$ cat upload-v3.tsv   # TSV, C-alpha atoms
chain	number	residue	atom	x	y	z
A	261	MET	CA	92.37	172.19	163.13
A	262	GLY	CA	94.83	172.09	160.23
A	263	PRO	CA	96.95	174.90	158.87
A	264	HIS	CA	95.52	177.79	156.87
A	265	PRO	CA	94.73	176.74	153.25
A	266	ALA	CA	97.54	178.95	151.91
A	267	VAL	CA	100.08	177.37	154.26
A	268	ALA	CA	98.75	173.89	153.48
A	269	ALA	CA	99.09	174.58	149.74
A	270	ILE	CA	102.74	175.60	149.87
A	271	ARG	CA	103.65	172.72	152.18
A	272	LEU	CA	101.95	170.18	149.93
A	273	ALA	CA	103.78	171.54	146.89
A	274	VAL	CA	107.14	171.23	148.65
A	275	ARG	CA	106.31	167.79	150.08
A	276	ARG	CA	105.67	166.45	146.58
A	277	VAL	CA	109.02	167.72	145.34
A	278	LEU	CA	110.88	166.33	148.36
A	279	HIS	CA	109.31	162.91	147.79
A	280	ASP	CA	110.55	163.04	144.20
A	281	VAL	CA	114.04	164.10	145.33
A	282	LEU	CA	114.14	161.23	147.83
A	283	THR	CA	113.04	158.71	145.22
A	284	HIS	CA	115.75	159.88	142.83
A	285	HIS	CA	118.33	159.91	145.64
A	286	CYS	CA	117.51	156.37	146.75
A	287	ALA	CA	117.53	155.11	143.15
A	288	GLN	CA	121.20	156.14	143.01
A	289	ASP	CA	121.83	153.90	146.03
A	290	ARG	CA	122.93	156.75	148.25
A	291	HIS	CA	122.61	156.10	151.97
A	292	GLU	CA	123.23	159.54	153.47
A	293	PRO	CA	120.20	161.87	153.64
A	294	PRO	CA	120.04	164.31	150.71
A	295	LEU	CA	120.62	168.03	151.16
A	296	VAL	CA	118.10	170.38	149.56
A	297	LEU	CA	118.84	174.11	149.36
A	298	VAL	CA	116.31	176.89	148.88
A	299	ALA	CA	117.30	179.98	146.87
A	300	CYS	CA	115.81	182.86	148.82
A	301	SER	CA	115.78	186.57	147.97
A	302	GLY	CA	113.74	187.50	151.03
A	303	GLY	CA	110.64	188.14	148.92
A	304	ALA	CA	107.25	186.58	149.68
A	305	ASP	CA	107.57	183.72	147.16
A	306	SER	CA	110.96	182.49	148.31
A	307	MET	CA	110.29	183.09	152.02
A	308	ALA	CA	107.12	181.00	151.74
A	309	LEU	CA	109.17	178.33	150.00
A	310	ALA	CA	111.85	178.43	152.70
A	311	SER	CA	109.27	178.09	155.47
A	312	ALA	CA	107.62	175.11	153.75
A	313	LEU	CA	111.00	173.42	153.22
A	314	ALA	CA	111.95	173.97	156.88
A	315	PHE	CA	108.65	172.38	157.95
A	316	GLU	CA	108.55	169.41	155.58
A	317	ALA	CA	112.21	168.38	155.28
A	318	PRO	CA	112.72	167.07	158.87
A	319	LYS	CA	109.58	164.93	158.62
A	320	LEU	CA	111.02	163.18	155.55
A	321	GLY	CA	114.59	162.87	156.79
A	322	VAL	CA	115.91	165.46	154.34
A	323	ARG	CA	118.59	167.99	155.26
A	324	ALA	CA	117.55	171.54	154.37
A	325	GLY	CA	119.67	174.65	153.83
A	326	GLY	CA	119.45	178.00	152.09
A	327	VAL	CA	121.34	180.38	149.82
A	328	THR	CA	120.69	184.06	149.25
A	329	ILE	CA	122.38	185.98	146.45
A	330	ASP	CA	123.55	189.57	146.75
A	331	HIS	CA	123.61	190.99	143.21
A	332	GLY	CA	125.14	194.24	144.44
A	333	LEU	CA	122.71	196.29	142.32
A	334	GLN	CA	121.22	198.33	145.16
A	335	GLU	CA	122.67	200.28	148.06
A	336	GLY	CA	122.70	198.18	151.22
A	337	SER	CA	122.18	194.91	149.35
A	338	ASP	CA	124.93	193.23	151.38
A	339	LEU	CA	123.14	194.05	154.64
A	340	ARG	CA	119.87	192.81	153.21
A	341	ALA	CA	121.46	189.53	152.16
A	342	ALA	CA	122.89	189.08	155.65
A	343	GLU	CA	119.43	189.73	157.12
A	344	VAL	CA	117.84	187.13	154.81
A	345	ALA	CA	120.50	184.62	155.87
A	346	LEU	CA	119.58	185.26	159.53
A	347	ARG	CA	115.91	184.66	158.74
A	348	LEU	CA	116.73	181.37	157.05
A	349	ARG	CA	118.75	180.23	160.04
A	350	ALA	CA	115.88	181.24	162.32
A	351	LEU	CA	113.67	178.84	160.35
A	352	GLY	CA	116.11	176.06	161.26
A	353	LEU	CA	117.83	175.77	157.88
A	354	ASP	CA	121.48	174.67	157.85
A	355	PRO	CA	123.77	175.29	156.02
A	356	VAL	CA	122.87	178.86	155.12
A	357	GLU	CA	125.04	181.09	152.98
A	358	ALA	CA	124.94	184.62	151.56
A	359	VAL	CA	126.88	184.88	148.28
A	360	ALA	CA	127.83	188.14	146.57
A	361	VAL	CA	128.12	188.23	142.79
A	362	ASP	CA	129.39	190.90	140.42
A	363	VAL	CA	126.78	191.17	137.67
A	364	ASP	CA	128.98	193.45	135.59
A	365	GLU	CA	131.94	191.06	135.39
A	366	PRO	CA	132.00	189.15	132.08
A	367	ASN	CA	133.11	186.00	133.88
A	368	ARG	CA	130.37	186.22	136.53
A	369	VAL	CA	132.63	186.10	139.55
A	370	ALA	CA	130.94	184.71	142.64
A	371	HIS	CA	133.05	186.31	145.37
A	372	GLY	CA	134.31	184.04	148.08
A	373	THR	CA	133.39	180.87	146.20
A	374	GLY	CA	136.29	180.45	143.82
A	375	TYR	CA	133.75	179.91	141.03
A	376	ARG	CA	133.86	181.43	137.57
A	377	GLY	CA	131.12	180.81	135.09
A	378	SER	CA	132.15	179.92	131.56
A	379	GLY	CA	131.18	181.54	128.30
A	380	GLY	CA	129.95	184.98	127.36
A	381	ARG	CA	126.93	186.78	128.65
A	382	GLN	CA	123.66	185.94	127.02
A	383	SER	CA	121.79	188.77	125.40
A	384	GLY	CA	118.88	190.26	127.30
A	385	GLY	CA	120.27	193.25	129.19
A	386	PRO	CA	120.65	193.63	132.95
A	387	GLU	CA	117.89	191.15	133.79
A	388	ALA	CA	119.64	188.38	131.86
A	389	ALA	CA	123.04	189.36	133.29
A	390	ALA	CA	121.70	189.18	136.86
A	391	ARG	CA	120.05	185.83	136.13
A	392	ASP	CA	123.27	184.39	134.69
A	393	ALA	CA	125.25	185.54	137.72
A	394	ARG	CA	122.63	184.15	140.10
A	395	TYR	CA	122.54	180.69	138.54
A	396	ALA	CA	126.34	180.52	138.39
A	397	ALA	CA	126.48	181.25	142.13
A	398	LEU	CA	123.70	178.73	142.90
A	399	ASP	CA	125.49	176.06	140.88
A	400	ALA	CA	128.69	176.75	142.80
A	401	ALA	CA	126.89	176.64	146.17
A	402	ALA	CA	125.20	173.34	145.29
A	403	GLU	CA	128.56	171.83	144.33
A	404	ARG	CA	130.26	173.21	147.41
A	405	HIS	CA	127.70	171.77	149.83
A	406	GLY	CA	126.93	168.60	147.88
A	407	ALA	CA	123.26	169.53	147.48
A	408	THR	CA	120.97	167.16	145.59
A	409	ALA	CA	118.50	169.90	144.66
A	410	VAL	CA	117.96	173.65	144.77
A	411	LEU	CA	114.39	174.90	145.17
A	412	LEU	CA	113.31	178.05	143.33
A	413	GLY	CA	110.26	180.15	144.23
A	414	HIS	CA	108.81	180.78	140.74
A	415	THR	CA	105.01	180.86	140.91
A	416	ARG	CA	102.21	180.36	138.41
A	417	ASP	CA	102.21	184.13	137.87
A	418	ASP	CA	105.91	184.04	136.96
A	419	GLN	CA	105.14	181.24	134.53
A	420	ALA	CA	102.41	183.29	132.85
A	421	GLU	CA	104.79	186.24	132.47
A	422	THR	CA	107.45	183.97	130.97
A	423	VAL	CA	105.00	182.63	128.39
A	424	LEU	CA	103.99	186.15	127.35
A	425	LEU	CA	107.63	187.23	127.06
A	426	GLY	CA	108.30	184.22	124.85
A	427	LEU	CA	105.26	185.02	122.74
A	428	ALA	CA	106.47	188.60	122.28
A	429	ARG	CA	109.87	187.35	121.08
A	430	GLY	CA	108.27	184.97	118.58
A	431	SER	CA	110.63	182.26	119.77
A	432	GLY	CA	108.48	179.20	119.07
A	433	THR	CA	107.02	176.33	121.08
A	434	ARG	CA	109.98	175.80	123.38
A	435	SER	CA	109.90	179.43	124.51
A	436	LEU	CA	106.13	179.23	125.07
A	437	SER	CA	106.65	176.23	127.31
A	438	GLY	CA	107.96	178.58	130.00
A	439	MET	CA	109.93	177.28	132.96
A	440	ALA	CA	110.26	173.57	133.61
A	441	ALA	CA	109.33	172.15	137.00
A	442	THR	CA	112.72	170.40	136.90
A	443	SER	CA	115.78	171.73	135.10
A	444	GLY	CA	119.54	172.03	135.29
A	445	ARG	CA	122.21	169.38	135.45
A	446	ASP	CA	120.84	166.12	136.89
A	447	GLY	CA	117.53	167.88	137.58
A	448	ARG	CA	119.18	170.12	140.17
A	449	TYR	CA	116.65	172.96	140.02
A	450	ARG	CA	113.11	172.31	141.24
A	451	ARG	CA	110.17	174.74	141.08
A	452	PRO	CA	107.47	173.52	143.49
A	453	PHE	CA	105.25	176.61	143.13
A	454	LEU	CA	104.49	176.57	139.40
A	455	ASP	CA	100.92	175.56	140.28
A	456	VAL	CA	100.71	178.03	143.18
A	457	ASP	CA	99.71	181.65	142.58
A	458	ARG	CA	101.70	184.57	143.93
A	459	GLN	CA	98.88	185.69	146.23
A	460	THR	CA	98.83	182.30	148.00
A	461	ALA	CA	102.55	182.52	148.73
A	462	ARG	CA	102.17	186.05	150.07
A	463	LYS	CA	99.20	185.04	152.23
A	464	ALA	CA	101.19	182.11	153.63
A	465	CYS	CA	103.89	184.54	154.75
A	466	LEU	CA	101.29	186.80	156.36
A	467	ILE	CA	99.65	183.91	158.24
A	468	GLN	CA	103.01	182.71	159.54
A	469	ALA	CA	104.18	186.25	160.37
A	470	LEU	CA	107.18	185.86	158.09
A	471	PRO	CA	108.89	189.18	157.29
A	472	VAL	CA	109.27	189.73	153.55
A	473	TRP	CA	111.18	192.21	151.43
A	474	ASP	CA	109.65	193.65	148.27
A	475	ASP	CA	112.43	194.26	145.74
A	476	PRO	CA	111.90	197.75	144.23
A	477	HIS	CA	113.21	196.39	140.90
A	478	ASN	CA	110.01	194.33	140.68
A	479	ALA	CA	108.04	197.57	140.40
A	480	ASP	CA	110.54	199.47	138.25
A	481	PRO	CA	109.10	200.12	134.76
A	482	ALA	CA	112.64	200.13	133.36
A	483	TYR	CA	112.48	196.32	133.50
A	484	THR	CA	110.45	194.45	130.89
A	485	ARG	CA	109.04	191.86	133.29
A	486	SER	CA	108.00	194.59	135.71
A	487	ARG	CA	106.03	196.40	132.99
A	488	LEU	CA	104.39	193.14	131.99
A	489	ARG	CA	103.49	192.34	135.61
A	490	HIS	CA	102.00	195.72	136.50
A	491	GLU	CA	100.66	196.88	133.14
A	492	GLY	CA	100.47	194.05	130.60
A	493	LEU	CA	98.79	191.27	132.56
A	494	PRO	CA	96.25	193.56	134.28
A	495	ALA	CA	95.32	194.95	130.85
A	496	LEU	CA	94.83	191.43	129.51
A	497	GLU	CA	92.65	190.47	132.45
A	498	LYS	CA	90.61	193.64	132.02
A	499	ALA	CA	90.07	192.85	128.33
A	500	LEU	CA	89.65	189.07	128.56
A	501	GLY	CA	88.42	188.53	132.10
A	502	LYS	CA	89.90	186.61	135.02
A	503	GLY	CA	91.71	183.36	134.43
A	504	VAL	CA	94.37	184.66	132.04
A	505	VAL	CA	97.22	183.61	134.35
A	506	GLU	CA	95.83	180.09	134.74
A	507	ALA	CA	95.29	179.77	130.98
A	508	LEU	CA	98.84	180.91	130.21
A	509	ALA	CA	100.27	178.45	132.74
A	510	ARG	CA	98.22	175.69	131.09
A	511	THR	CA	99.56	176.77	127.71
A	512	ALA	CA	103.09	176.43	129.09
A	513	GLN	CA	102.52	172.80	130.08
A	514	LEU	CA	100.86	171.86	126.78
A	515	SER	CA	103.63	173.59	124.82
A	516	ARG	CA	106.27	171.80	126.90
A	517	ASP	CA	104.72	168.41	126.16
A	518	ASP	CA	104.69	169.20	122.42
A	519	ALA	CA	108.23	170.59	122.47
A	520	ASP	CA	109.56	167.56	124.36
A	521	ALA	CA	108.01	165.21	121.78
A	522	LEU	CA	109.44	167.20	118.85
A	523	ASP	CA	112.87	167.37	120.51
A	524	ALA	CA	112.87	163.59	120.92
A	525	TRP	CA	111.90	163.17	117.25
A	526	ALA	CA	114.69	165.53	116.19
A	527	ALA	CA	117.25	163.63	118.28
A	528	ASP	CA	116.26	160.41	116.54
A	529	ALA	CA	116.24	162.04	113.09
A	530	GLU	CA	119.69	163.55	113.55
A	531	GLY	CA	121.41	160.22	112.95
A	532	SER	CA	119.77	159.83	109.53
A	533	VAL	CA	120.96	163.22	108.20
A	534	LEU	CA	124.42	163.54	109.78
A	535	ASP	CA	127.55	162.10	108.18
A	536	ASP	CA	130.92	161.26	109.74
A	537	SER	CA	132.35	164.69	108.89
A	538	GLY	CA	129.55	166.49	110.75
A	539	SER	CA	127.86	167.73	107.57
A	540	LEU	CA	124.10	167.36	107.03
A	541	ASP	CA	122.41	165.81	104.00
A	542	ILE	CA	120.22	168.44	102.29
A	543	ALA	CA	117.74	165.96	100.75
A	544	ALA	CA	117.24	164.13	104.04
A	545	LEU	CA	116.72	167.42	105.86
A	546	PHE	CA	114.21	168.63	103.27
A	547	ALA	CA	112.15	165.46	103.81
A	548	LEU	CA	111.70	166.17	107.53
A	549	PRO	CA	108.70	168.13	108.87
A	550	PRO	CA	109.75	171.80	109.32
A	551	ALA	CA	109.44	171.74	113.12
A	552	VAL	CA	111.69	168.68	113.33
A	553	ARG	CA	114.15	169.97	110.70
A	554	ARG	CA	114.65	173.28	112.51
A	555	ARG	CA	115.34	171.42	115.73
A	556	VAL	CA	117.92	169.24	114.00
A	557	LEU	CA	119.57	172.39	112.63
A	558	ARG	CA	119.58	174.05	116.04
A	559	ARG	CA	121.17	170.98	117.65
A	560	ALA	CA	123.84	170.87	114.96
A	561	VAL	CA	124.65	174.58	115.23
A	562	ILE	CA	124.91	174.42	119.03
A	563	GLY	CA	127.07	171.32	118.69
A	564	ALA	CA	129.41	173.32	116.44
A	565	GLY	CA	129.91	175.93	119.18
A	566	SER	CA	127.10	178.49	118.91
A	567	PRO	CA	125.88	179.50	122.42
A	568	ALA	CA	122.30	178.32	122.95
A	569	GLY	CA	121.35	181.50	124.80
A	570	SER	CA	122.42	183.71	121.91
A	571	LEU	CA	120.78	181.63	119.19
A	572	PHE	CA	117.33	182.89	118.21
A	573	ALA	CA	114.58	181.69	115.90
A	574	ARG	CA	115.60	184.14	113.17
A	575	HIS	CA	119.08	182.56	113.04
A	576	ILE	CA	117.66	179.08	112.47
A	577	GLU	CA	115.20	180.42	109.89
A	578	GLU	CA	118.12	181.81	107.86
A	579	VAL	CA	119.89	178.46	108.00
A	580	ASP	CA	116.66	176.70	107.05
A	581	ARG	CA	116.44	178.80	103.87
A	582	LEU	CA	119.68	177.20	102.69
A	583	ILE	CA	117.58	174.04	102.42
A	584	THR	CA	114.11	175.23	101.47
A	585	ALA	CA	114.77	178.46	99.53
A	586	TRP	CA	118.23	178.02	98.00
A	587	ARG	CA	119.14	181.00	95.78
A	588	GLY	CA	122.91	180.79	95.95
A	589	GLN	CA	123.18	182.41	99.39
A	590	GLY	CA	126.61	182.73	100.96
A	591	VAL	CA	127.73	181.71	104.42
A	592	ILE	CA	125.25	182.32	107.26
A	593	ASN	CA	127.22	183.75	110.20
A	594	LEU	CA	125.88	182.81	113.64
A	595	PRO	CA	126.79	183.66	117.26
A	596	GLY	CA	129.93	181.93	118.49
A	597	ARG	CA	131.73	182.46	115.16
A	598	VAL	CA	129.84	179.56	113.63
A	599	GLY	CA	129.34	179.62	109.87
A	600	VAL	CA	126.86	177.55	107.87
A	601	ARG	CA	127.05	177.13	104.10
A	602	ARG	CA	125.55	174.90	101.46
A	603	GLN	CA	128.16	172.88	99.60
A	604	GLY	CA	126.84	170.55	96.95
A	605	GLY	CA	124.20	168.38	98.55
A	606	ARG	CA	125.53	168.95	102.07
A	607	LEU	CA	125.09	171.58	104.77
A	608	VAL	CA	128.50	172.35	106.25
A	609	ILE	CA	128.66	173.85	109.76
A	610	ARG	CA	132.02	175.04	111.04
A	611	GLN	CA	133.37	177.29	113.80
A	612	GLY	CA	136.17	179.76	113.19
$ encode --input "upload-v3.tsv" --output "structure tokens"
Amino acid sequence: MGPHPAVAAIRLAVRRVLHDVLTHHCAQDRHEPPLVLVACSGGADSMALASALAFEAPKLGVRAGGVTIDHGLQEGSDLRAAEVALRLRALGLDPVEAVAVDVDEPNRVAHGTGYRGSGGRQSGGPEAAARDARYAALDAAAERHGATAVLLGHTRDDQAETVLLGLARGSGTRSLSGMAATSGRDGRYRRPFLDVDRQTARKACLIQALPVWDDPHNADPAYTRSRLRHEGLPALEKALGKGVVEALARTAQLSRDDADALDAWAADAEGSVLDDSGSLDIAALFALPPAVRRRVLRRAVIGAGSPAGSLFARHIEEVDRLITAWRGQGVINLPGRVGVRRQGGRLVIRQG
């Protein structure tokens, strides 16, 4: 008799990702076995992921370790992080590390790692600040241990919430595409559970008698995602019927395919509108489809020094009006001290 369907589902999802990691690793002509880390908070999603990694990795000749991040936002969080690290070691993962971060520090100090993230904090309040600190620490841990990949426990439910948050911000197709299955430098971050629902992960933990910790922040209405999870999505399902989460996850994939195609088009078009001085030709920009033109503008503005995380759709719309609705507007000031102005038949983008 095989494993419970929930356990089989999480193991299959991880096995597929590990096969992909191995293929990429071998293509780079590396002979030592790759190291894959799991980012684990101790919650049901990441504990299920850790258990599946511990089961599948040895069968494929992959080294498996774990990292847990102590954000320091709750009393006793250091003890909880140490407990999660013990659970990961009990699963057979090695190396295992608990890393404390200071969410309030502008430079995102990851204590004990010697790592400092670069740049300013993205807007988005405490949730964004904690996320920035977490990823900075995970990047540092991956570099420190030479990990090929870091697995993250985001589920299909998380994907649905991300799509709705993007829709509420009016941020366009890229925002609606949600989280990518593979992201980060060299495809470091992998999300095996984007096709697995949260209930399956929780059931897998129950079947395997894995202790889990439910973060009280996940039920705190002070946090936007928490309100969406406990109030918004249930209201949508009540009004529209079951299947909303699956439909939103499908929307994410379709939007990602469209956004990837448009991004590729914009990258190709950039060469035809950009001159040696870095200015953009107004007439050539005007001839582009709006979705492609706005992507070209965004790429150019980011290239001039505007932080991608602080650059919103409304910023690009204002720049776009310099091309499509010119009425003698002055300089458009953007995050990162980047200014955009129309000068003759050119769009000039400068920092400082």
$ residues_around --input "upload-v3.tsv" --residues "range 508-520 of chain A" --least-positions-apart "6" --cutoff "6 Å" --atoms "all atoms listed in the file" --output "ChimeraX atom specification"
/A:419-420,433-434,436-438
$ atom_distance --input "upload-v3.tsv" --atom1 "CA of Arg458 in chain A" --atom2 "CA of Thr484 in chain A"
18.6 Å
$ residues_around --input "upload-v3.tsv" --residues "range 525-537 of chain A" --least-positions-apart "4" --cutoff "9 Å" --atoms "all atoms listed in the file" --output "ChimeraX atom specification"
/A:520-521,541-545,548,551-557,559-560,608
$ atom_distance --input "upload-v3.tsv" --atom1 "CA of Arg574 in chain A" --atom2 "CA of Gly492 in chain A"
25.1 Å
$ atom_distance --input "upload-v3.tsv" --atom1 "CA of Ile329 in chain A" --atom2 "CA of Glu357 in chain A"
8.6 Å
$ closest_residue --input "upload-v3.tsv" --among "A:Val361, A:His279, A:Cys300, A:Ala388" --to "Tyr483 in chain A" --atoms "only C-alpha atoms"
A:Ala388
$ closest_residue --input "upload-v3.tsv" --among "A:Gly413, A:Pro355, A:Gly430, A:Gly332" --to "Val456 in chain A" --atoms "all atoms listed in the file"
A:Gly413
$ closest_residue --input "upload-v3.tsv" --among "A:Leu425, A:Val327, A:Leu470, A:Leu412" --to "Ala397 in chain A" --atoms "only C-alpha atoms"
A:Val327
$ residues_around --input "upload-v3.tsv" --residues "range 390-392 of chain A" --least-positions-apart "3" --cutoff "7 Å" --atoms "all atoms listed in the file" --output "PyMOL selection string"
chain A and resi 331+363+386-387+395-396
$ write_last_selection --input "upload-v3.tsv" --atoms "C-alpha atoms" --output "mmCIF file, in the frame of the given file"
data_model
loop_
_atom_site.group_PDB
_atom_site.id
_atom_site.type_symbol
_atom_site.label_atom_id
_atom_site.label_comp_id
_atom_site.auth_asym_id
_atom_site.auth_seq_id
_atom_site.Cartn_x
_atom_site.Cartn_y
_atom_site.Cartn_z
ATOM 1 C CA HIS A 331 123.610 190.990 143.210
ATOM 2 C CA VAL A 363 126.780 191.170 137.670
ATOM 3 C CA PRO A 386 120.650 193.630 132.950
ATOM 4 C CA GLU A 387 117.890 191.150 133.790
ATOM 5 C CA TYR A 395 122.540 180.690 138.540
ATOM 6 C CA ALA A 396 126.340 180.520 138.390
#
